[in-house]
Amino acid sequence: MSAWTAKRFWKQAIAGPCDGGFTVTLDGRAVKTPAKRLLVLPTMAMAEVIAAEWDAQQGRVKPETMPATRAANSAIDNVAIQFVAVAHDLARYGETDLLCYRATGPQELIDRQADAWDPLLAWSAAALRSPLIATAGVMHIRQPEASIAKLTAQVHAFTPFQLAAVHDLIAISGSLILALAVTRGRLSLDEAWSLSRIDETWQNELWGVDEDAAALESLKRQALAEAARFFVLCG
């Protein structure tokens, strides 16, 4: 059966073991991904969360209210199929990491970025053995090849399910280092979000909060939280 049936027809969604891992069944019928692959999950915890998402559907199925299901589908239908390419693209964020490109002024913003981001670059150098160079302005700076190689190896070490979560952690924050810090427990979700929004917070303090921009930021914050939770569910 398709994972994106337009209308609810089942009475109960149940998580349970299957060949190769865990899955979700709807009245005994196995859920499949949009590409018709079996929804084989790495942990029972993930299966239980996805089953709860299916059980919460009333009437028309709304994929936008099923973040764990969407992430699992992406891991199976997309990431696992083209793992090397996805991992390579994500690792390249280390070459232009948000934490490495600093404001040229005013001094208060320069200091704020340094206070917030320097400790993370120090952590990258010590814990990840991947020192990166910070620069003022937006002109591209070449990072140490050895550091990029080590960061690339770390990204490739994730499972397809983990990489599906890491993809959103990186894309939303703009920083490979922040994403890795979240996966390793160095940063909480709230800390990572705040560190990724130094510039936006500064602009809001100067000019006030734009309602449309704030609504978009709220959606990004929610998506970051969902990605962090999905990574934990990978076990």
# chains A, B, ... in the order shown; residues from 1 in each chain; ligands from 1
>>> select_by_dssp(residues="range 7-224 of chain A", states="alpha helix (DSSP H)", output="number ranges by chain")
A: 44-55, 67-74, 83-91, 107-127, 145-156, 160-173, 176-183, 189-196, 198-207, 211-224
>>> write_last_selection(atoms="C-alpha atoms", output="mmCIF file, in the first residue's frame")
data_model
loop_
_atom_site.group_PDB
_atom_site.id
_atom_site.type_symbol
_atom_site.label_atom_id
_atom_site.label_comp_id
_atom_site.auth_asym_id
_atom_site.auth_seq_id
_atom_site.Cartn_x
_atom_site.Cartn_y
_atom_site.Cartn_z
ATOM 1 C CA MET A 44 11.426 0.441 17.402
ATOM 2 C CA ALA A 45 11.341 3.986 18.778
ATOM 3 C CA MET A 46 11.178 5.386 15.267
ATOM 4 C CA ALA A 47 8.495 2.898 14.274
ATOM 5 C CA GLU A 48 6.392 3.892 17.289
ATOM 6 C CA VAL A 49 6.641 7.601 16.467
ATOM 7 C CA ILE A 50 5.682 6.957 12.842
ATOM 8 C CA ALA A 51 2.791 4.726 13.904
ATOM 9 C CA ALA A 52 1.562 7.538 16.144
ATOM 10 C CA GLU A 53 1.702 9.950 13.193
ATOM 11 C CA TRP A 54 -0.486 7.595 11.160
ATOM 12 C CA ASP A 55 -2.889 7.078 14.053
ATOM 13 C CA PRO A 67 7.656 14.709 9.859
ATOM 14 C CA ALA A 68 9.124 11.384 10.975
ATOM 15 C CA THR A 69 7.299 9.534 8.205
ATOM 16 C CA ARG A 70 8.544 12.036 5.626
ATOM 17 C CA ALA A 71 12.118 11.760 6.894
ATOM 18 C CA ALA A 72 12.011 7.954 6.826
ATOM 19 C CA ASN A 73 10.621 8.000 3.292
ATOM 20 C CA SER A 74 13.422 10.349 2.237
ATOM 21 C CA PHE A 83 24.143 8.017 -0.477
ATOM 22 C CA VAL A 84 27.612 8.931 -1.742
ATOM 23 C CA ALA A 85 26.363 11.947 -3.697
ATOM 24 C CA VAL A 86 24.244 13.238 -0.807
ATOM 25 C CA ALA A 87 27.048 12.782 1.718
ATOM 26 C CA HIS A 88 29.502 14.518 -0.611
ATOM 27 C CA ASP A 89 27.208 17.519 -1.099
ATOM 28 C CA LEU A 90 26.631 17.884 2.641
ATOM 29 C CA ALA A 91 30.327 17.570 3.472
ATOM 30 C CA GLN A 107 32.267 45.959 16.265
ATOM 31 C CA GLU A 108 29.429 44.784 18.486
ATOM 32 C CA LEU A 109 28.308 42.273 15.850
ATOM 33 C CA ILE A 110 31.921 41.197 15.226
ATOM 34 C CA ASP A 111 32.324 40.555 18.943
ATOM 35 C CA ARG A 112 29.001 38.761 19.194
ATOM 36 C CA GLN A 113 29.905 36.383 16.380
ATOM 37 C CA ALA A 114 33.345 35.727 17.850
ATOM 38 C CA ASP A 115 31.942 34.996 21.319
ATOM 39 C CA ALA A 116 29.341 32.641 19.872
ATOM 40 C CA TRP A 117 31.247 30.904 17.091
ATOM 41 C CA ASP A 118 34.893 30.772 18.180
ATOM 42 C CA PRO A 119 34.190 28.097 20.835
ATOM 43 C CA LEU A 120 32.582 25.893 18.181
ATOM 44 C CA LEU A 121 35.554 26.248 15.857
ATOM 45 C CA ALA A 122 37.818 25.373 18.793
ATOM 46 C CA TRP A 123 35.639 22.315 19.440
ATOM 47 C CA SER A 124 35.903 21.318 15.777
ATOM 48 C CA ALA A 125 39.685 21.547 15.960
ATOM 49 C CA ALA A 126 39.909 19.524 19.187
ATOM 50 C CA ALA A 127 37.049 17.010 19.060
ATOM 51 C CA GLU A 145 42.394 19.963 3.004
ATOM 52 C CA ALA A 146 43.044 17.638 5.938
ATOM 53 C CA SER A 147 40.169 19.217 7.886
ATOM 54 C CA ILE A 148 37.739 18.882 4.998
ATOM 55 C CA ALA A 149 38.813 15.271 4.506
ATOM 56 C CA LYS A 150 38.127 14.454 8.159
ATOM 57 C CA LEU A 151 34.748 16.210 8.087
ATOM 58 C CA THR A 152 33.861 14.386 4.885
ATOM 59 C CA ALA A 153 34.689 11.049 6.505
ATOM 60 C CA GLN A 154 32.428 11.899 9.431
ATOM 61 C CA VAL A 155 29.511 12.688 7.145
ATOM 62 C CA HIS A 156 30.014 9.474 5.176
ATOM 63 C CA PRO A 160 21.095 6.799 5.450
ATOM 64 C CA PHE A 161 18.523 7.514 8.166
ATOM 65 C CA GLN A 162 20.956 9.638 10.151
ATOM 66 C CA LEU A 163 22.028 11.444 7.006
ATOM 67 C CA ALA A 164 18.405 12.333 6.227
ATOM 68 C CA ALA A 165 18.285 14.144 9.575
ATOM 69 C CA VAL A 166 21.749 15.669 9.202
ATOM 70 C CA HIS A 167 20.751 17.035 5.793
ATOM 71 C CA ASP A 168 18.117 19.260 7.403
ATOM 72 C CA LEU A 169 20.341 20.174 10.365
ATOM 73 C CA ILE A 170 22.968 21.451 7.941
ATOM 74 C CA ALA A 171 20.673 23.037 5.363
ATOM 75 C CA ILE A 172 18.659 24.971 7.941
ATOM 76 C CA SER A 173 21.583 26.114 10.091
ATOM 77 C CA LEU A 176 28.224 21.553 9.095
ATOM 78 C CA ILE A 177 29.963 22.179 12.419
ATOM 79 C CA LEU A 178 26.747 23.147 14.201
ATOM 80 C CA ALA A 179 25.026 20.065 12.789
ATOM 81 C CA LEU A 180 27.815 17.751 13.941
ATOM 82 C CA ALA A 181 27.790 19.426 17.353
ATOM 83 C CA VAL A 182 24.092 18.599 17.706
ATOM 84 C CA THR A 183 24.582 14.966 16.657
ATOM 85 C CA LEU A 189 18.763 22.236 19.735
ATOM 86 C CA ASP A 190 18.070 25.645 21.273
ATOM 87 C CA GLU A 191 21.778 26.465 21.385
ATOM 88 C CA ALA A 192 22.289 25.422 17.773
ATOM 89 C CA TRP A 193 19.322 27.473 16.622
ATOM 90 C CA SER A 194 20.492 30.589 18.456
ATOM 91 C CA LEU A 195 24.035 30.212 17.170
ATOM 92 C CA SER A 196 22.800 29.872 13.601
ATOM 93 C CA ILE A 198 23.243 35.541 15.192
ATOM 94 C CA ASP A 199 22.908 37.779 12.136
ATOM 95 C CA GLU A 200 19.101 37.548 12.022
ATOM 96 C CA THR A 201 18.846 38.382 15.715
ATOM 97 C CA TRP A 202 21.106 41.372 15.214
ATOM 98 C CA GLN A 203 18.973 42.691 12.366
ATOM 99 C CA ASN A 204 15.809 42.212 14.419
ATOM 100 C CA GLU A 205 17.303 44.214 17.269
ATOM 101 C CA LEU A 206 18.202 47.022 14.888
ATOM 102 C CA TRP A 207 15.097 47.221 12.730
ATOM 103 C CA GLU A 211 5.972 39.342 10.748
ATOM 104 C CA ASP A 212 6.447 37.384 7.515
ATOM 105 C CA ALA A 213 10.108 36.768 8.263
ATOM 106 C CA ALA A 214 9.226 35.712 11.801
ATOM 107 C CA ALA A 215 6.684 33.206 10.513
ATOM 108 C CA LEU A 216 9.293 31.728 8.158
ATOM 109 C CA GLU A 217 11.821 31.564 10.992
ATOM 110 C CA SER A 218 9.289 29.709 13.124
ATOM 111 C CA LEU A 219 8.853 27.091 10.412
ATOM 112 C CA LYS A 220 12.614 26.687 10.110
ATOM 113 C CA ARG A 221 12.946 26.341 13.887
ATOM 114 C CA GLN A 222 10.295 23.625 13.892
ATOM 115 C CA ALA A 223 11.971 21.794 11.004
ATOM 116 C CA LEU A 224 15.310 21.919 12.823
#
>>> select_by_dssp(residues="range 49-230 of chain A", states="strand (DSSP E or B)", output="MDAnalysis selection string")
chainID A and resid 60 101:102 135:136
>>> write_last_selection(atoms="N, CA and C atoms", output="PDB file, in the first residue's frame")
ATOM      1  N   ARG A  60      -8.569  13.118   5.502  1.00  0.00           N
ATOM      2  CA  ARG A  60      -7.491  13.171   4.515  1.00  0.00           C
ATOM      3  C   ARG A  60      -6.137  13.094   5.197  1.00  0.00           C
ATOM      4  N   TYR A 101      32.557  32.725   8.298  1.00  0.00           N
ATOM      5  CA  TYR A 101      32.408  33.986   7.559  1.00  0.00           C
ATOM      6  C   TYR A 101      31.790  35.038   8.477  1.00  0.00           C
ATOM      7  N   ARG A 102      32.609  35.999   8.839  1.00  0.00           N
ATOM      8  CA  ARG A 102      32.257  36.956   9.881  1.00  0.00           C
ATOM      9  C   ARG A 102      31.958  38.339   9.314  1.00  0.00           C
ATOM     10  N   THR A 135      37.222  34.104   8.560  1.00  0.00           N
ATOM     11  CA  THR A 135      37.616  35.284   7.801  1.00  0.00           C
ATOM     12  C   THR A 135      36.533  36.347   7.894  1.00  0.00           C
ATOM     13  N   ALA A 136      36.905  37.601   7.698  1.00  0.00           N
ATOM     14  CA  ALA A 136      35.946  38.704   7.678  1.00  0.00           C
ATOM     15  C   ALA A 136      35.477  38.928   6.248  1.00  0.00           C
TER      16      ALA A 136
END
>>> closest_residue(among="A:His140, A:Arg37, A:Arg186, A:Lys62", to="Ala80 in chain A", atoms="only C-alpha atoms")
A:Arg37
>>> atom_distance(atom1="CA of Asp77 in chain A", atom2="CA of Leu187 in chain A")
29.6 Å
>>> atom_distance(atom1="CA of Phe9 in chain A", atom2="CA of Arg29 in chain A")
11.6 Å
>>> closest_residue(among="A:Arg142, A:Asn78, A:Leu128, A:Asp210", to="Ala35 in chain A", atoms="only C-alpha atoms")
A:Asn78
>>> closest_residue(among="A:Gly185, A:Gly137, A:Gly105, A:Gly59", to="Arg8 in chain A", atoms="only C-alpha atoms")
A:Gly59
